$ cat coords_8.cif   # mmCIF, C-alpha atoms
data_entry
loop_
_atom_site.label_atom_id
_atom_site.label_comp_id
_atom_site.auth_asym_id
_atom_site.auth_seq_id
_atom_site.Cartn_x
_atom_site.Cartn_y
_atom_site.Cartn_z
CA MET A 1 26.77 -67.88 -95.79
CA ARG A 2 26.64 -66.25 -92.39
CA LYS A 3 23.33 -64.86 -91.26
CA LEU A 4 23.49 -61.12 -90.66
CA GLN A 5 22.83 -60.14 -87.07
CA ARG A 6 20.34 -57.43 -86.31
CA ARG A 7 22.11 -54.36 -84.92
CA HIS A 8 19.05 -52.30 -83.95
CA PRO A 9 16.26 -52.71 -81.36
CA PHE A 10 13.38 -52.13 -83.78
CA HIS A 11 10.89 -54.63 -85.15
CA ILE A 12 10.92 -54.79 -88.95
CA VAL A 13 7.39 -55.91 -89.79
CA THR A 14 7.01 -58.59 -92.43
CA PRO A 15 4.64 -57.95 -95.38
CA SER A 16 1.03 -58.21 -94.18
CA PRO A 17 -2.28 -58.38 -96.10
CA TRP A 18 -4.28 -56.83 -93.26
CA PRO A 19 -3.81 -53.12 -94.12
CA PHE A 20 -5.18 -53.70 -97.63
CA PHE A 21 -8.16 -55.72 -96.40
CA THR A 22 -8.82 -53.16 -93.66
CA ALA A 23 -9.00 -50.37 -96.24
CA LEU A 24 -11.27 -52.50 -98.44
CA SER A 25 -13.58 -53.26 -95.50
CA ILE A 26 -13.80 -49.57 -94.59
CA LEU A 27 -14.66 -48.74 -98.21
CA ILE A 28 -17.49 -51.29 -98.21
CA THR A 29 -18.75 -49.99 -94.86
CA VAL A 30 -18.81 -46.35 -95.98
CA MET A 31 -20.47 -47.23 -99.29
CA GLY A 32 -23.09 -49.25 -97.43
CA CYS A 33 -23.70 -46.37 -95.02
CA VAL A 34 -24.22 -43.92 -97.89
CA LEU A 35 -26.55 -46.33 -99.70
CA PHE A 36 -28.52 -46.92 -96.49
CA LEU A 37 -28.91 -43.19 -95.82
CA HIS A 38 -30.22 -42.75 -99.36
CA ARG A 39 -32.64 -45.65 -98.74
CA TYR A 40 -31.27 -48.07 -101.31
CA GLU A 41 -32.57 -51.58 -100.84
CA SER A 42 -29.16 -53.22 -100.34
CA GLY A 43 -27.72 -50.38 -98.26
CA LEU A 44 -28.22 -51.89 -94.82
CA PHE A 45 -26.89 -55.30 -95.88
CA THR A 46 -23.79 -53.71 -97.47
CA PHE A 47 -23.17 -51.62 -94.35
CA LEU A 48 -23.47 -54.59 -91.98
CA TYR A 49 -21.36 -56.77 -94.27
CA GLY A 50 -18.63 -54.12 -94.30
CA LEU A 51 -18.70 -53.90 -90.49
CA PHE A 52 -18.46 -57.68 -90.23
CA CYS A 53 -15.49 -57.78 -92.61
CA LEU A 54 -13.80 -54.93 -90.75
CA ALA A 55 -14.21 -56.65 -87.37
CA LEU A 56 -12.91 -59.93 -88.81
CA VAL A 57 -9.84 -58.37 -90.46
CA LEU A 58 -8.96 -56.30 -87.40
CA SER A 59 -9.24 -59.36 -85.15
CA PHE A 60 -6.69 -61.18 -87.35
CA TRP A 61 -4.43 -58.12 -87.47
CA TRP A 62 -4.47 -57.61 -83.70
CA ARG A 63 -3.96 -61.35 -83.21
CA ASP A 64 -0.68 -61.03 -85.10
CA VAL A 65 0.34 -57.98 -83.05
CA ILE A 66 -0.43 -59.80 -79.78
CA ARG A 67 1.53 -62.81 -80.98
CA GLU A 68 4.54 -60.66 -81.87
CA ALA A 69 4.46 -58.80 -78.57
CA THR A 70 3.60 -61.58 -76.13
CA PHE A 71 5.04 -64.78 -77.53
CA GLN A 72 7.77 -63.74 -79.96
CA GLY A 73 9.25 -60.93 -77.86
CA LYS A 74 9.61 -58.54 -80.79
CA HIS A 75 8.29 -55.49 -78.97
CA THR A 76 11.48 -54.20 -77.40
CA ARG A 77 11.66 -51.07 -75.27
CA ALA A 78 12.32 -48.97 -78.38
CA CYS A 79 9.29 -50.50 -80.12
CA GLN A 80 7.11 -49.83 -77.09
CA ASN A 81 8.21 -46.21 -77.00
CA GLY A 82 7.39 -45.83 -80.69
CA LEU A 83 3.98 -47.44 -80.23
CA ALA A 84 3.26 -45.15 -77.26
CA ILE A 85 4.11 -42.05 -79.32
CA GLY A 86 1.86 -43.31 -82.11
CA PHE A 87 -1.02 -43.92 -79.71
CA VAL A 88 -0.65 -40.45 -78.20
CA CYS A 89 -0.80 -38.96 -81.70
CA PHE A 90 -3.93 -41.02 -82.36
CA ILE A 91 -5.60 -39.65 -79.20
CA ILE A 92 -4.63 -36.09 -80.19
CA SER A 93 -6.22 -36.63 -83.62
CA GLU A 94 -9.39 -37.88 -81.91
CA GLY A 95 -9.37 -34.74 -79.78
CA MET A 96 -9.25 -32.60 -82.92
CA PHE A 97 -12.16 -34.64 -84.27
CA PHE A 98 -14.30 -33.68 -81.28
CA PHE A 99 -13.01 -30.11 -81.41
CA SER A 100 -14.80 -29.65 -84.74
CA PHE A 101 -18.11 -30.65 -83.12
CA PHE A 102 -17.57 -28.24 -80.23
CA TRP A 103 -16.76 -25.51 -82.74
CA ALA A 104 -20.05 -26.08 -84.56
CA PHE A 105 -21.95 -26.08 -81.27
CA PHE A 106 -20.48 -22.87 -79.86
CA HIS A 107 -20.66 -21.13 -83.25
CA SER A 108 -24.42 -21.70 -83.26
CA ALA A 109 -25.03 -21.22 -79.52
CA LEU A 110 -23.07 -17.98 -79.04
CA SER A 111 -24.67 -16.23 -82.03
CA PRO A 112 -28.03 -17.90 -82.77
CA ALA A 113 -29.33 -17.19 -86.24
CA VAL A 114 -32.60 -15.44 -87.02
CA GLU A 115 -33.99 -18.68 -88.44
CA ILE A 116 -33.95 -20.29 -84.97
CA GLY A 117 -35.33 -17.24 -83.17
CA CYS A 118 -32.02 -15.70 -82.08
CA ILE A 119 -32.13 -17.80 -78.89
CA TRP A 120 -30.45 -20.98 -77.68
CA PRO A 121 -31.83 -23.59 -77.31
CA PRO A 122 -34.04 -22.79 -80.32
CA ASN A 123 -37.80 -22.44 -80.10
CA GLY A 124 -39.59 -25.78 -80.00
CA ILE A 125 -36.67 -27.64 -78.43
CA THR A 126 -37.12 -29.20 -74.99
CA PRO A 127 -33.56 -29.94 -73.85
CA LEU A 128 -32.59 -32.74 -71.52
CA HIS A 129 -32.19 -31.70 -67.91
CA PRO A 130 -28.52 -31.80 -66.88
CA LEU A 131 -29.31 -33.15 -63.39
CA GLY A 132 -30.93 -36.32 -64.70
CA ILE A 133 -29.38 -39.14 -66.72
CA PRO A 134 -26.50 -36.92 -68.00
CA LEU A 135 -25.28 -36.37 -64.43
CA ILE A 136 -25.58 -40.08 -63.64
CA ASN A 137 -23.58 -40.93 -66.77
CA THR A 138 -20.94 -38.38 -65.75
CA LEU A 139 -20.56 -40.08 -62.36
CA VAL A 140 -20.47 -43.50 -64.05
CA LEU A 141 -17.58 -42.51 -66.33
CA VAL A 142 -15.61 -40.76 -63.59
CA ILE A 143 -15.92 -43.79 -61.29
CA SER A 144 -14.99 -46.17 -64.13
CA GLY A 145 -11.86 -44.08 -64.75
CA SER A 146 -10.89 -44.60 -61.12
CA TRP A 147 -11.39 -48.35 -61.45
CA VAL A 148 -9.22 -48.58 -64.58
CA ASN A 149 -6.48 -46.79 -62.64
CA LEU A 150 -6.78 -49.46 -59.97
CA VAL A 151 -6.35 -52.10 -62.68
CA LEU A 152 -3.07 -50.53 -63.77
CA VAL A 153 -1.80 -50.17 -60.20
CA ALA A 154 -2.71 -53.79 -59.42
CA VAL A 155 -0.97 -55.15 -62.53
CA ARG A 156 2.17 -53.11 -61.86
CA GLY A 157 2.21 -54.45 -58.30
CA GLY A 158 1.64 -58.04 -59.36
CA PHE A 159 -1.82 -58.27 -57.73
CA PHE A 160 -3.53 -59.86 -60.72
CA SER A 161 -6.59 -61.15 -58.85
CA ASP A 162 -7.33 -57.61 -57.67
CA ALA A 163 -6.84 -56.37 -61.24
CA VAL A 164 -9.46 -58.86 -62.47
CA SER A 165 -12.00 -57.60 -59.91
CA ALA A 166 -11.35 -53.95 -60.78
CA PHE A 167 -11.59 -54.81 -64.47
CA LYS A 168 -15.09 -56.22 -64.00
CA TRP A 169 -16.26 -52.99 -62.38
CA THR A 170 -14.79 -50.89 -65.19
CA ILE A 171 -16.40 -52.96 -67.94
CA ASN A 172 -19.80 -53.06 -66.21
CA LEU A 173 -19.78 -49.29 -65.74
CA GLY A 174 -18.92 -48.82 -69.42
CA LEU A 175 -21.86 -51.02 -70.42
CA LEU A 176 -24.11 -49.13 -67.99
CA PHE A 177 -23.16 -45.81 -69.61
CA THR A 178 -24.17 -47.13 -73.04
CA LEU A 179 -27.50 -48.44 -71.78
CA LEU A 180 -28.31 -45.14 -70.05
CA GLN A 181 -27.44 -43.20 -73.19
CA LEU A 182 -29.71 -45.41 -75.28
CA TYR A 183 -32.53 -44.76 -72.80
CA GLU A 184 -31.78 -41.04 -72.97
CA TYR A 185 -32.06 -41.07 -76.77
CA LYS A 186 -35.32 -43.02 -76.58
CA THR A 187 -36.94 -40.57 -74.17
CA ALA A 188 -35.60 -37.32 -75.69
CA HIS A 189 -38.17 -34.88 -77.10
CA PHE A 190 -36.09 -33.94 -80.13
CA THR A 191 -34.26 -35.81 -82.89
CA ILE A 192 -31.20 -35.31 -85.07
CA ALA A 193 -33.49 -33.75 -87.70
CA ASP A 194 -34.51 -30.88 -85.40
CA GLY A 195 -32.23 -28.22 -86.82
CA ILE A 196 -28.75 -27.26 -85.73
CA TYR A 197 -29.42 -28.11 -82.08
CA GLY A 198 -30.44 -31.69 -82.80
CA SER A 199 -27.64 -32.28 -85.32
CA THR A 200 -24.83 -30.95 -83.10
CA PHE A 201 -26.20 -32.71 -80.00
CA TYR A 202 -26.66 -36.15 -81.53
CA LEU A 203 -23.48 -36.04 -83.61
CA THR A 204 -21.33 -35.14 -80.62
CA THR A 205 -22.94 -37.37 -78.02
CA GLY A 206 -23.43 -40.16 -80.56
CA PHE A 207 -19.80 -40.22 -81.65
CA HIS A 208 -18.75 -40.08 -78.02
CA GLY A 209 -21.06 -43.01 -77.31
CA LEU A 210 -19.40 -44.87 -80.18
CA HIS A 211 -16.02 -44.18 -78.56
CA VAL A 212 -17.36 -45.54 -75.27
CA ILE A 213 -18.43 -48.75 -77.04
CA ILE A 214 -14.99 -49.06 -78.71
CA GLY A 215 -13.29 -48.37 -75.38
CA THR A 216 -15.43 -50.99 -73.66
CA ILE A 217 -14.49 -53.57 -76.32
CA PHE A 218 -10.85 -52.54 -75.85
CA LEU A 219 -11.17 -53.17 -72.10
CA ILE A 220 -12.93 -56.53 -72.63
CA VAL A 221 -10.10 -57.71 -74.90
CA CYS A 222 -7.52 -56.62 -72.31
CA PHE A 223 -9.55 -58.37 -69.60
CA PHE A 224 -9.35 -61.71 -71.38
CA ARG A 225 -5.68 -61.12 -72.15
CA LEU A 226 -5.13 -60.60 -68.44
CA LEU A 227 -6.89 -63.90 -67.69
CA LEU A 228 -4.67 -65.62 -70.29
CA GLY A 229 -1.52 -64.28 -68.65
CA HIS A 230 -0.47 -61.95 -71.48
CA PHE A 231 0.34 -59.08 -69.11
CA THR A 232 3.21 -58.95 -66.66
CA ARG A 233 4.39 -56.31 -64.22
CA GLU A 234 6.93 -55.07 -66.78
CA HIS A 235 5.08 -55.65 -70.05
CA HIS A 236 1.44 -54.48 -70.24
CA LEU A 237 1.47 -51.93 -73.05
CA GLY A 238 -1.95 -52.91 -74.41
CA LEU A 239 -3.50 -52.42 -70.99
CA ARG A 240 -1.87 -49.03 -70.65
CA PHE A 241 -3.25 -47.97 -74.04
CA ALA A 242 -6.75 -49.09 -73.02
CA ALA A 243 -6.49 -46.98 -69.84
CA TRP A 244 -5.29 -43.95 -71.82
CA TYR A 245 -8.15 -44.31 -74.27
CA TRP A 246 -10.68 -44.65 -71.45
CA HIS A 247 -9.35 -41.53 -69.72
CA PHE A 248 -9.64 -39.69 -73.03
CA VAL A 249 -13.28 -40.75 -73.25
CA ASP A 250 -13.80 -39.52 -69.67
CA ILE A 251 -12.27 -36.11 -70.34
CA VAL A 252 -14.22 -35.56 -73.56
CA TRP A 253 -17.45 -36.43 -71.76
CA LEU A 254 -16.76 -33.84 -69.05
CA PHE A 255 -16.52 -31.19 -71.79
CA VAL A 256 -19.66 -32.58 -73.47
CA TYR A 257 -21.61 -32.48 -70.21
CA ALA A 258 -20.45 -28.98 -69.29
CA SER A 259 -21.15 -27.60 -72.79
CA PHE A 260 -24.14 -29.44 -74.26
CA TYR A 261 -26.08 -30.43 -71.15
CA TRP A 262 -25.27 -27.64 -68.68
CA TRP A 263 -24.20 -24.39 -70.35
CA GLY A 264 -26.14 -25.01 -73.56
CA ASN A 265 -29.36 -25.73 -71.67
CA TYR A 266 -29.41 -22.73 -69.36
CA SER A 267 -33.04 -22.10 -70.26
CA VAL A 268 -34.14 -25.10 -68.18
CA PHE A 269 -33.14 -23.41 -64.90
#

$ encode --input "coords_8.cif" --output "structure tokens"
Amino acid sequence: MRKLQRRHPFHIVTPSPWPFFTALSILITVMGCVLFLHRYESGLFTFLYGLFCLALVLSFWWRDVIREATFQGKHTRACQNGLAIGFVCFIISEGMFFFSFFWAFFHSALSPAVEIGCIWPPNGITPLHPLGIPLINTLVLVISGSWVNLVLVAVRGGFFSDAVSAFKWTINLGLLFTLLQLYEYKTAHFTIADGIYGSTFYLTTGFHGLHVIIGTIFLIVCFFRLLLGHFTREHHLGLRFAAWYWHFVDIVWLFVYASFYWWGNYSVF
């Protein structure tokens, strides 16, 4: 019996167990987080176990995607276009996620309630000065965005040794941002429990910090893929996605800095 030839450029994915196990790992992680916040004895262990399972499952899933794209040649131009559209939609959904935090912040800052003294920042809050660590972190992210652009330009031009050097700068700057933010949290004079100011500040900057960590891991994976020769001048979709994600993190931080650190802290001037 003759084998039917494929008459379309798309990749029909074979049945995979990873979506199911990813959902199961996320369920365990969320349950562990809830148990930990309610101070159950096994909450922290369940949360960490869920994170471990999630990281393990995603590593296997992405291994299969890398294998299909790099070694099996199943990611045709049509597949790449579809993946690019999907990643853009993902970034837009992340933007809407942060939009909700900005909404909560401006709702409280533009019309402060009587309970917080009708002023912003509220009484008893000593905000972080915008010309300190926040400004340094802003410069760090902007410079790292320039370096990741150099990585893309170098790969497209075939200058892979230059791309490796630029990659190291980008990753180190991402790690530096995280360390500076941890120091900022440690030295801050307010916590997430200090009313609406503390909750909106730490939720927004904390989730952005989480995105920086994810973006840094994304860049590290692409860095090792570059060393292994997975990227060529014509085929480097994963690297392009990492650059897009990093630019998204940069842009969100500019809004965070302008809103939470500068405009929202006008009382420090």

$ atom_distance --input "coords_8.cif" --atom1 "atom CA of A:Thr29" --atom2 "atom CA of A:Phe45"
9.8 Å

$ resolve_selection --input "coords_8.cif" --expression "the PyMOL selection byres ((chain A and resi 204) around 8)" --output "compact mmCIF listing (two decimals) with C-alpha atoms, keeping the file's coordinate frame"
# COMPACT_ATOMS: atom_id res chain seq x y z
CA PHE A 98 -14.30 -33.68 -81.28
CA PHE A 101 -18.11 -30.65 -83.12
CA PHE A 102 -17.57 -28.24 -80.23
CA THR A 200 -24.83 -30.95 -83.10
CA PHE A 201 -26.20 -32.71 -80.00
CA TYR A 202 -26.66 -36.15 -81.53
CA LEU A 203 -23.48 -36.04 -83.61
CA THR A 205 -22.94 -37.37 -78.02
CA GLY A 206 -23.43 -40.16 -80.56
CA PHE A 207 -19.80 -40.22 -81.65
CA HIS A 208 -18.75 -40.08 -78.02
CA VAL A 256 -19.66 -32.58 -73.47

$ resolve_selection --input "coords_8.cif" --expression "the PyMOL selection byres ((chain A and resi 190) around 10)" --output "PyMOL selection string"
chain A and resi 124-128+185-189+191-195+197-198+201-202

$ write_last_selection --input "coords_8.cif" --atoms "C-alpha atoms" --output "mmCIF file, in the coordinates of the input"
data_model
loop_
_atom_site.group_PDB
_atom_site.id
_atom_site.type_symbol
_atom_site.label_atom_id
_atom_site.label_comp_id
_atom_site.auth_asym_id
_atom_site.auth_seq_id
_atom_site.Cartn_x
_atom_site.Cartn_y
_atom_site.Cartn_z
ATOM 1 C CA GLY A 124 -39.590 -25.780 -80.000
ATOM 2 C CA ILE A 125 -36.670 -27.640 -78.430
ATOM 3 C CA THR A 126 -37.120 -29.200 -74.990
ATOM 4 C CA PRO A 127 -33.560 -29.940 -73.850
ATOM 5 C CA LEU A 128 -32.590 -32.740 -71.520
ATOM 6 C CA TYR A 185 -32.060 -41.070 -76.770
ATOM 7 C CA LYS A 186 -35.320 -43.020 -76.580
ATOM 8 C CA THR A 187 -36.940 -40.570 -74.170
ATOM 9 C CA ALA A 188 -35.600 -37.320 -75.690
ATOM 10 C CA HIS A 189 -38.170 -34.880 -77.100
ATOM 11 C CA THR A 191 -34.260 -35.810 -82.890
ATOM 12 C CA ILE A 192 -31.200 -35.310 -85.070
ATOM 13 C CA ALA A 193 -33.490 -33.750 -87.700
ATOM 14 C CA ASP A 194 -34.510 -30.880 -85.400
ATOM 15 C CA GLY A 195 -32.230 -28.220 -86.820
ATOM 16 C CA TYR A 197 -29.420 -28.110 -82.080
ATOM 17 C CA GLY A 198 -30.440 -31.690 -82.800
ATOM 18 C CA PHE A 201 -26.200 -32.710 -80.000
ATOM 19 C CA TYR A 202 -26.660 -36.150 -81.530
#

$ atom_distance --input "coords_8.cif" --atom1 "atom CA of A:Asp162" --atom2 "atom CA of A:Glu234"
17.1 Å

$ resolve_selection --input "coords_8.cif" --expression "the PyMOL selection byres ((chain A and resi 110) around 12)" --output "PyMOL selection string"
chain A and resi 102-109+111-113+118-121+259+263-264

$ atom_distance --input "coords_8.cif" --atom1 "atom CA of A:Leu173" --atom2 "atom CA of A:Leu141"
7.2 Å

$ closest_atom_pairs --input "coords_8.cif" --of "stretch 106-154 of chain A" --to "stretch 243-255 of chain A" --cutoff "8 Å" --atoms "all atoms listed in the file" --output "CSV"
residue,atom,partner,partner_atom,distance
A:Thr138,CA,A:Leu254,CA,7.0
A:Leu141,CA,A:Asp250,CA,5.9
A:Val142,CA,A:Asp250,CA,6.5
A:Gly145,CA,A:His247,CA,6.1
A:Val148,CA,A:Ala243,CA,6.1
A:Asn149,CA,A:Ala243,CA,7.2
A:Leu152,CA,A:Ala243,CA,7.8

$ residues_around --input "coords_8.cif" --residues "A:Leu228" --least-positions-apart "6" --cutoff "12 Å" --atoms "only C-alpha atoms" --output "list in words"
Ile66, Thr70, Phe160, Val164, Val221 and Cys222 of chain A

$ closest_residue --input "coords_8.cif" --among "A:Val13, A:Ala163, A:Cys33, A:Ile136" --to "A:Val151" --atoms "all atoms listed in the file"
A:Ala163

$ closest_residue --input "coords_8.cif" --among "A:Ile12, A:Leu139, A:Ile116, A:Leu226" --to "A:Thr76" --atoms "all atoms listed in the file"
A:Ile12

$ residues_around --input "coords_8.cif" --residues "stretch 15-27 of chain A" --least-positions-apart "4" --cutoff "12 Å" --atoms "all atoms listed in the file" --output "PyMOL selection string"
chain A and resi 31-34+46-65

$ write_last_selection --input "coords_8.cif" --atoms "C-alpha atoms" --output "PDB file, in the frame of the given file"
ATOM      1  CA  MET A  31     -20.470 -47.230 -99.290  1.00  0.00           C
ATOM      2  CA  GLY A  32     -23.090 -49.250 -97.430  1.00  0.00           C
ATOM      3  CA  CYS A  33     -23.700 -46.370 -95.020  1.00  0.00           C
ATOM      4  CA  VAL A  34     -24.220 -43.920 -97.890  1.00  0.00           C
ATOM      5  CA  THR A  46     -23.790 -53.710 -97.470  1.00  0.00           C
ATOM      6  CA  PHE A  47     -23.170 -51.620 -94.350  1.00  0.00           C
ATOM      7  CA  LEU A  48     -23.470 -54.590 -91.980  1.00  0.00           C
ATOM      8  CA  TYR A  49     -21.360 -56.770 -94.270  1.00  0.00           C
ATOM      9  CA  GLY A  50     -18.630 -54.120 -94.300  1.00  0.00           C
ATOM     10  CA  LEU A  51     -18.700 -53.900 -90.490  1.00  0.00           C
ATOM     11  CA  PHE A  52     -18.460 -57.680 -90.230  1.00  0.00           C
ATOM     12  CA  CYS A  53     -15.490 -57.780 -92.610  1.00  0.00           C
ATOM     13  CA  LEU A  54     -13.800 -54.930 -90.750  1.00  0.00           C
ATOM     14  CA  ALA A  55     -14.210 -56.650 -87.370  1.00  0.00           C
ATOM     15  CA  LEU A  56     -12.910 -59.930 -88.810  1.00  0.00           C
ATOM     16  CA  VAL A  57      -9.840 -58.370 -90.460  1.00  0.00           C
ATOM     17  CA  LEU A  58      -8.960 -56.300 -87.400  1.00  0.00           C
ATOM     18  CA  SER A  59      -9.240 -59.360 -85.150  1.00  0.00           C
ATOM     19  CA  PHE A  60      -6.690 -61.180 -87.350  1.00  0.00           C
ATOM     20  CA  TRP A  61      -4.430 -58.120 -87.470  1.00  0.00           C
ATOM     21  CA  TRP A  62      -4.470 -57.610 -83.700  1.00  0.00           C
ATOM     22  CA  ARG A  63      -3.960 -61.350 -83.210  1.00  0.00           C
ATOM     23  CA  ASP A  64      -0.680 -61.030 -85.100  1.00  0.00           C
ATOM     24  CA  VAL A  65       0.340 -57.980 -83.050  1.00  0.00           C
TER      25      VAL A  65
END

$ closest_residue --input "coords_8.cif" --among "A:Lys74, A:Met96, A:Phe177, A:Leu237" --to "A:Arg156" --atoms "all atoms listed in the file"
A:Leu237

$ closest_residue --input "coords_8.cif" --among "A:Phe87, A:His230, A:Val114, A:Leu180" --to "A:Glu68" --atoms "all atoms listed in the file"
A:His230

$ closest_residue --input "coords_8.cif" --among "A:Leu227, A:Leu179, A:Leu35, A:Leu83" --to "A:Val140" --atoms "only C-alpha atoms"
A:Leu179

$ closest_residue --input "coords_8.cif" --among "A:Ala69, A:Ile213, A:Ile133, A:Leu175" --to "A:Gly238" --atoms "all atoms listed in the file"
A:Ala69

$ decode --input "coords_8.cif" --residues "stretch 199-223 of chain A" --atoms "C-alpha atoms" --output "PDB file, in the first residue's frame"
ATOM      1  CA  SER A 199       0.462  44.905  48.174  1.00  0.00           C
ATOM      2  CA  THR A 200       0.429  46.696  44.795  1.00  0.00           C
ATOM      3  CA  PHE A 201       4.154  47.466  44.956  1.00  0.00           C
ATOM      4  CA  TYR A 202       5.361  43.979  45.840  1.00  0.00           C
ATOM      5  CA  LEU A 203       2.888  42.169  43.587  1.00  0.00           C
ATOM      6  CA  THR A 204       3.867  44.225  40.552  1.00  0.00           C
ATOM      7  CA  THR A 205       7.617  44.382  41.108  1.00  0.00           C
ATOM      8  CA  GLY A 206       7.685  40.802  42.388  1.00  0.00           C
ATOM      9  CA  PHE A 207       5.912  39.361  39.362  1.00  0.00           C
ATOM     10  CA  HIS A 208       8.138  41.435  37.121  1.00  0.00           C
ATOM     11  CA  GLY A 209      11.157  40.054  38.970  1.00  0.00           C
ATOM     12  CA  LEU A 210       9.796  36.558  38.370  1.00  0.00           C
ATOM     13  CA  HIS A 211       9.569  37.373  34.657  1.00  0.00           C
ATOM     14  CA  VAL A 212      13.180  38.562  34.733  1.00  0.00           C
ATOM     15  CA  ILE A 213      14.231  35.236  36.274  1.00  0.00           C
ATOM     16  CA  ILE A 214      12.253  33.304  33.630  1.00  0.00           C
ATOM     17  CA  GLY A 215      13.735  35.482  30.885  1.00  0.00           C
ATOM     18  CA  THR A 216      17.240  34.915  32.236  1.00  0.00           C
ATOM     19  CA  ILE A 217      16.688  31.135  32.226  1.00  0.00           C
ATOM     20  CA  PHE A 218      15.341  31.473  28.669  1.00  0.00           C
ATOM     21  CA  LEU A 219      18.536  33.292  27.649  1.00  0.00           C
ATOM     22  CA  ILE A 220      20.777  30.739  29.403  1.00  0.00           C
ATOM     23  CA  VAL A 221      19.080  27.890  27.516  1.00  0.00           C
ATOM     24  CA  CYS A 222      19.536  29.759  24.227  1.00  0.00           C
ATOM     25  CA  PHE A 223      23.172  30.441  25.144  1.00  0.00           C
TER      26      PHE A 223
END
